[in-house]
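A quick write-up on the structure given underneath.
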Amino acid sequence: MALFKKAARLLRYIIPTLYVNFHYLPLAQAVRLPIVLYRPHLIKCKGKIVIDTDEPIRTGMIQLGNYCVSIYPNNGITLDIRGTIIFKGACVISNDSYLSVGETGTVTIGKRFEANVLKMCCYQSITFQEDVSFGWECLVMDTDFHRLTNTKGRVEHEVSGKILIESGCWIAARCMIMKNTYLPSKCVVAARSFLNKHYDIAPCTMLAGQPAKVVKEGVFRNISQERQGQ
């Protein structure tokens with residue numbers, strides 16, 4: 001019975017993994033199974049998934065939903081894809097994560113992207129450059145979904161706005177990144193911070209607060225050093 005249950009679990013992962021790879025990718029990429037899904041919940045499988053990288057295509061280079069955060073449910077990943085997701089290289093998004101991309105949305109994920117328990121909703125444009133990492137329970141949304149209208153009948157703001165997070169940024173746990181956010185390279189965002197504008201600041205700056213403000217300059221997370229165990 002235990003062997004049967006294990007086989008059933010494997011089939012639950014393997015069949016959606018095969019489907020997503022061969023549904024979205026060119027055959028030469030799909031046969032290598034670069035996208036591996038763990039406990040996937042596929043809401044919509046429209047739109048496009050593109051792997052545009054100078055790295056060799058290898059099995060499991062893009063891991064979505066794998067169980068690596070033990071204090072959160074082992075719910076895998078929920079995918080609602082009606083727009084476009086572009087992967088530029090290796091990517092790991094952990095369990096209990098949700099990715100929703102509307103028909104007009106494009107998400108670009110740079111190489112060596114890492115996120116734990118990520119909730120992301122894109123209806124226009126969200127771009128992460130290389131070596132971006134997220135802590136637990138972060139929310140990224142480029143849309144408010146609803147407009148505000150003033151008493152004279154004039155729309156006060158646009159519903160959606162582009163998000164750009166440059167290379168080497170570290171976003172700590174439970175941050176909220178909303179529409180129109182621009183963050184320069186190698187910035188650090190402290191836990192529970194709220195970002196919603198173009199941050200005209202130098203690289204290697206630390207932000208904290210709701211709304212986020214500069215609290216320290218000349219600091220960054222040396223991810224490459226951490227990966228080498230130094």
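Numbering starts fresh at 1 for the residues of each chain in the structure tokens, the chains themselves are lettered A, B, ... in the order given, and ligands are numbered from 1 as they appear.
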
As a ChimeraX atom specification, please: the residues near segment 117-133 of chain A (cut-off 7 Å, only C-alpha atoms, same-chain neighbours under 6 positions excluded).
/A:94-102,104-111,139-143,160-171

Once DSSP has gone over the backbone, tell me which residues of segment 53-222 of chain A are in strand (DSSP E or B), as a PyMOL selection string.
chain A and resi 62-66+77-81+84-87+91-94+97-101+106-109+113-115+118-122+125-128+133-134+138-141+143+149+155+160+163-165+170-171+176-177+182-183+188-189+194-195+198+205-208+213-217

Expressed in Å to a single decimal, how great is the separation between atom CA of Lys88 of chain A and atom CA of Glu217 of chain A?
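Atom CA of Glu217 of chain A lies at a distance of 29.2 Å from atom CA of Lys88 of chain A.
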
Enter the distance from atom CA of Met178 of chain A to atom CA of Glu103 of chain A, in Å, rounded to one decimal.
18.8 Å

Residues within 9 Å of Tyr24 of chain A, only C-alpha atoms, excluding chain neighbours under 4 positions, as a list in words:
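Skipping anything fewer than 4 positions along the chain leaves Tyr19, Val20, Ala30, Cys45, Lys46, Gly47, Lys48, Ile49 and Val50 of chain A.
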
Within 9 Å of segment 58-65 of chain A, counting only C-alpha atoms, which residues show up once you throw out same-chain ones fewer than 2 positions away? Write them as a VMD selection string, please.
chain A and resid 29 31 to 40 55 to 56 67 to 68 74 to 78 87 89 to 98 117

So what do you get for atom CA of Phe194 of chain A versus atom CA of Phe113 of chain A, distance-wise?
20.7 Å

Nearby residues (only C-alpha atoms) at most 9 Å from Leu148 of chain A, same-chain spacing under 4 positions excluded, as a VMD selection string:
chain A and resid 154 to 159

Identify all residues of segment 2-51 of chain A in helix (DSSP H, G or I) (DSSP on the backbone) and supply them as a PDB file with N, CA, C and O atoms, in the first residue's frame.
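Written out: states.pdb:
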ATOM      1  N   ALA A   2       1.920   1.267   0.818  1.00  0.00           N
ATOM      2  CA  ALA A   2       2.806   2.429   0.874  1.00  0.00           C
ATOM      3  C   ALA A   2       3.470   2.672  -0.480  1.00  0.00           C
ATOM      4  O   ALA A   2       3.617   3.827  -0.919  1.00  0.00           O
ATOM      5  N   LEU A   3       3.881   1.583  -1.142  1.00  0.00           N
ATOM      6  CA  LEU A   3       4.502   1.705  -2.460  1.00  0.00           C
ATOM      7  C   LEU A   3       3.512   2.257  -3.476  1.00  0.00           C
ATOM      8  O   LEU A   3       3.864   3.087  -4.317  1.00  0.00           O
ATOM      9  N   PHE A   4       2.264   1.814  -3.371  1.00  0.00           N
ATOM     10  CA  PHE A   4       1.224   2.307  -4.275  1.00  0.00           C
ATOM     11  C   PHE A   4       0.995   3.813  -4.082  1.00  0.00           C
ATOM     12  O   PHE A   4       0.874   4.566  -5.046  1.00  0.00           O
ATOM     13  N   LYS A   5       0.952   4.246  -2.815  1.00  0.00           N
ATOM     14  CA  LYS A   5       0.754   5.666  -2.527  1.00  0.00           C
ATOM     15  C   LYS A   5       1.920   6.505  -3.042  1.00  0.00           C
ATOM     16  O   LYS A   5       1.736   7.595  -3.579  1.00  0.00           O
ATOM     17  N   LYS A   6       3.130   5.970  -2.870  1.00  0.00           N
ATOM     18  CA  LYS A   6       4.310   6.690  -3.367  1.00  0.00           C
ATOM     19  C   LYS A   6       4.270   6.812  -4.885  1.00  0.00           C
ATOM     20  O   LYS A   6       4.568   7.875  -5.441  1.00  0.00           O
ATOM     21  N   ALA A   7       3.878   5.730  -5.559  1.00  0.00           N
ATOM     22  CA  ALA A   7       3.774   5.759  -7.021  1.00  0.00           C
ATOM     23  C   ALA A   7       2.704   6.748  -7.465  1.00  0.00           C
ATOM     24  O   ALA A   7       2.884   7.475  -8.446  1.00  0.00           O
ATOM     25  N   ALA A   8       1.599   6.792  -6.721  1.00  0.00           N
ATOM     26  CA  ALA A   8       0.521   7.729  -7.058  1.00  0.00           C
ATOM     27  C   ALA A   8       0.984   9.168  -6.918  1.00  0.00           C
ATOM     28  O   ALA A   8       0.655  10.031  -7.746  1.00  0.00           O
ATOM     29  N   ARG A   9       1.766   9.436  -5.860  1.00  0.00           N
ATOM     30  CA  ARG A   9       2.293  10.793  -5.670  1.00  0.00           C
ATOM     31  C   ARG A   9       3.240  11.175  -6.803  1.00  0.00           C
ATOM     32  O   ARG A   9       3.213  12.304  -7.310  1.00  0.00           O
ATOM     33  N   LEU A  10       4.091  10.239  -7.184  1.00  0.00           N
ATOM     34  CA  LEU A  10       5.028  10.517  -8.268  1.00  0.00           C
ATOM     35  C   LEU A  10       4.295  10.815  -9.574  1.00  0.00           C
ATOM     36  O   LEU A  10       4.663  11.725 -10.318  1.00  0.00           O
ATOM     37  N   LEU A  11       3.257  10.040  -9.845  1.00  0.00           N
ATOM     38  CA  LEU A  11       2.464  10.280 -11.054  1.00  0.00           C
ATOM     39  C   LEU A  11       1.809  11.653 -11.013  1.00  0.00           C
ATOM     40  O   LEU A  11       1.702  12.330 -12.037  1.00  0.00           O
ATOM     41  N   ARG A  12       1.405  12.060  -9.821  1.00  0.00           N
ATOM     42  CA  ARG A  12       0.773  13.372  -9.679  1.00  0.00           C
ATOM     43  C   ARG A  12       1.739  14.484 -10.068  1.00  0.00           C
ATOM     44  O   ARG A  12       1.338  15.527 -10.570  1.00  0.00           O
ATOM     45  N   TYR A  13       3.027  14.284  -9.814  1.00  0.00           N
ATOM     46  CA  TYR A  13       4.025  15.278 -10.175  1.00  0.00           C
ATOM     47  C   TYR A  13       4.471  15.118 -11.629  1.00  0.00           C
ATOM     48  O   TYR A  13       4.638  16.098 -12.358  1.00  0.00           O
ATOM     49  N   ILE A  14       4.694  13.866 -12.034  1.00  0.00           N
ATOM     50  CA  ILE A  14       5.280  13.612 -13.345  1.00  0.00           C
ATOM     51  C   ILE A  14       4.347  14.012 -14.482  1.00  0.00           C
ATOM     52  O   ILE A  14       4.765  14.660 -15.448  1.00  0.00           O
ATOM     53  N   ILE A  15       3.079  13.656 -14.373  1.00  0.00           N
ATOM     54  CA  ILE A  15       2.148  13.949 -15.472  1.00  0.00           C
ATOM     55  C   ILE A  15       2.003  15.448 -15.712  1.00  0.00           C
ATOM     56  O   ILE A  15       2.139  15.905 -16.852  1.00  0.00           O
ATOM     57  N   PRO A  16       1.761  16.277 -14.669  1.00  0.00           N
ATOM     58  CA  PRO A  16       1.716  17.728 -14.919  1.00  0.00           C
ATOM     59  C   PRO A  16       3.044  18.297 -15.404  1.00  0.00           C
ATOM     60  O   PRO A  16       3.073  19.210 -16.224  1.00  0.00           O
ATOM     61  N   THR A  17       4.155  17.735 -14.894  1.00  0.00           N
ATOM     62  CA  THR A  17       5.472  18.200 -15.356  1.00  0.00           C
ATOM     63  C   THR A  17       5.644  17.930 -16.846  1.00  0.00           C
ATOM     64  O   THR A  17       6.090  18.804 -17.606  1.00  0.00           O
ATOM     65  N   LEU A  18       5.299  16.731 -17.280  1.00  0.00           N
ATOM     66  CA  LEU A  18       5.365  16.412 -18.708  1.00  0.00           C
ATOM     67  C   LEU A  18       4.446  17.317 -19.512  1.00  0.00           C
ATOM     68  O   LEU A  18       4.833  17.836 -20.564  1.00  0.00           O
ATOM     69  N   TYR A  19       3.246  17.511 -19.007  1.00  0.00           N
ATOM     70  CA  TYR A  19       2.270  18.335 -19.725  1.00  0.00           C
ATOM     71  C   TYR A  19       2.767  19.763 -19.914  1.00  0.00           C
ATOM     72  O   TYR A  19       2.740  20.300 -21.030  1.00  0.00           O
ATOM     73  N   VAL A  20       3.235  20.380 -18.832  1.00  0.00           N
ATOM     74  CA  VAL A  20       3.675  21.783 -18.915  1.00  0.00           C
ATOM     75  C   VAL A  20       4.870  21.924 -19.848  1.00  0.00           C
ATOM     76  O   VAL A  20       4.926  22.844 -20.676  1.00  0.00           O
ATOM     77  N   ASN A  21       5.839  21.015 -19.758  1.00  0.00           N
ATOM     78  CA  ASN A  21       7.012  21.112 -20.626  1.00  0.00           C
ATOM     79  C   ASN A  21       6.642  20.964 -22.101  1.00  0.00           C
ATOM     80  O   ASN A  21       7.060  21.778 -22.936  1.00  0.00           O
ATOM     81  N   PHE A  22       5.844  19.946 -22.425  1.00  0.00           N
ATOM     82  CA  PHE A  22       5.537  19.692 -23.830  1.00  0.00           C
ATOM     83  C   PHE A  22       4.415  20.594 -24.360  1.00  0.00           C
ATOM     84  O   PHE A  22       4.306  20.789 -25.568  1.00  0.00           O
ATOM     85  N   HIS A  23       3.627  21.145 -23.472  1.00  0.00           N
ATOM     86  CA  HIS A  23       2.582  22.084 -23.892  1.00  0.00           C
ATOM     87  C   HIS A  23       3.160  23.445 -24.252  1.00  0.00           C
ATOM     88  O   HIS A  23       2.736  24.082 -25.220  1.00  0.00           O
ATOM     89  N   TYR A  24       4.165  23.883 -23.489  1.00  0.00           N
ATOM     90  CA  TYR A  24       4.653  25.251 -23.639  1.00  0.00           C
ATOM     91  C   TYR A  24       5.969  25.373 -24.409  1.00  0.00           C
ATOM     92  O   TYR A  24       6.202  26.399 -25.061  1.00  0.00           O
ATOM     93  N   LEU A  27      10.161  21.380 -28.703  1.00  0.00           N
ATOM     94  CA  LEU A  27      10.481  19.982 -28.439  1.00  0.00           C
ATOM     95  C   LEU A  27      11.911  19.801 -27.943  1.00  0.00           C
ATOM     96  O   LEU A  27      12.163  19.017 -27.025  1.00  0.00           O
ATOM     97  N   ALA A  28      12.857  20.529 -28.537  1.00  0.00           N
ATOM     98  CA  ALA A  28      14.264  20.377 -28.153  1.00  0.00           C
ATOM     99  C   ALA A  28      14.493  20.738 -26.690  1.00  0.00           C
ATOM    100  O   ALA A  28      15.388  20.190 -26.031  1.00  0.00           O
ATOM    101  N   GLN A  29      13.695  21.666 -26.159  1.00  0.00           N
ATOM    102  CA  GLN A  29      13.777  22.005 -24.741  1.00  0.00           C
ATOM    103  C   GLN A  29      12.936  21.056 -23.900  1.00  0.00           C
ATOM    104  O   GLN A  29      13.365  20.594 -22.839  1.00  0.00           O
ATOM    105  N   ALA A  30      11.733  20.761 -24.366  1.00  0.00           N
ATOM    106  CA  ALA A  30      10.781  19.978 -23.579  1.00  0.00           C
ATOM    107  C   ALA A  30      11.315  18.602 -23.205  1.00  0.00           C
ATOM    108  O   ALA A  30      11.076  18.112 -22.085  1.00  0.00           O
TER     109      ALA A  30
END
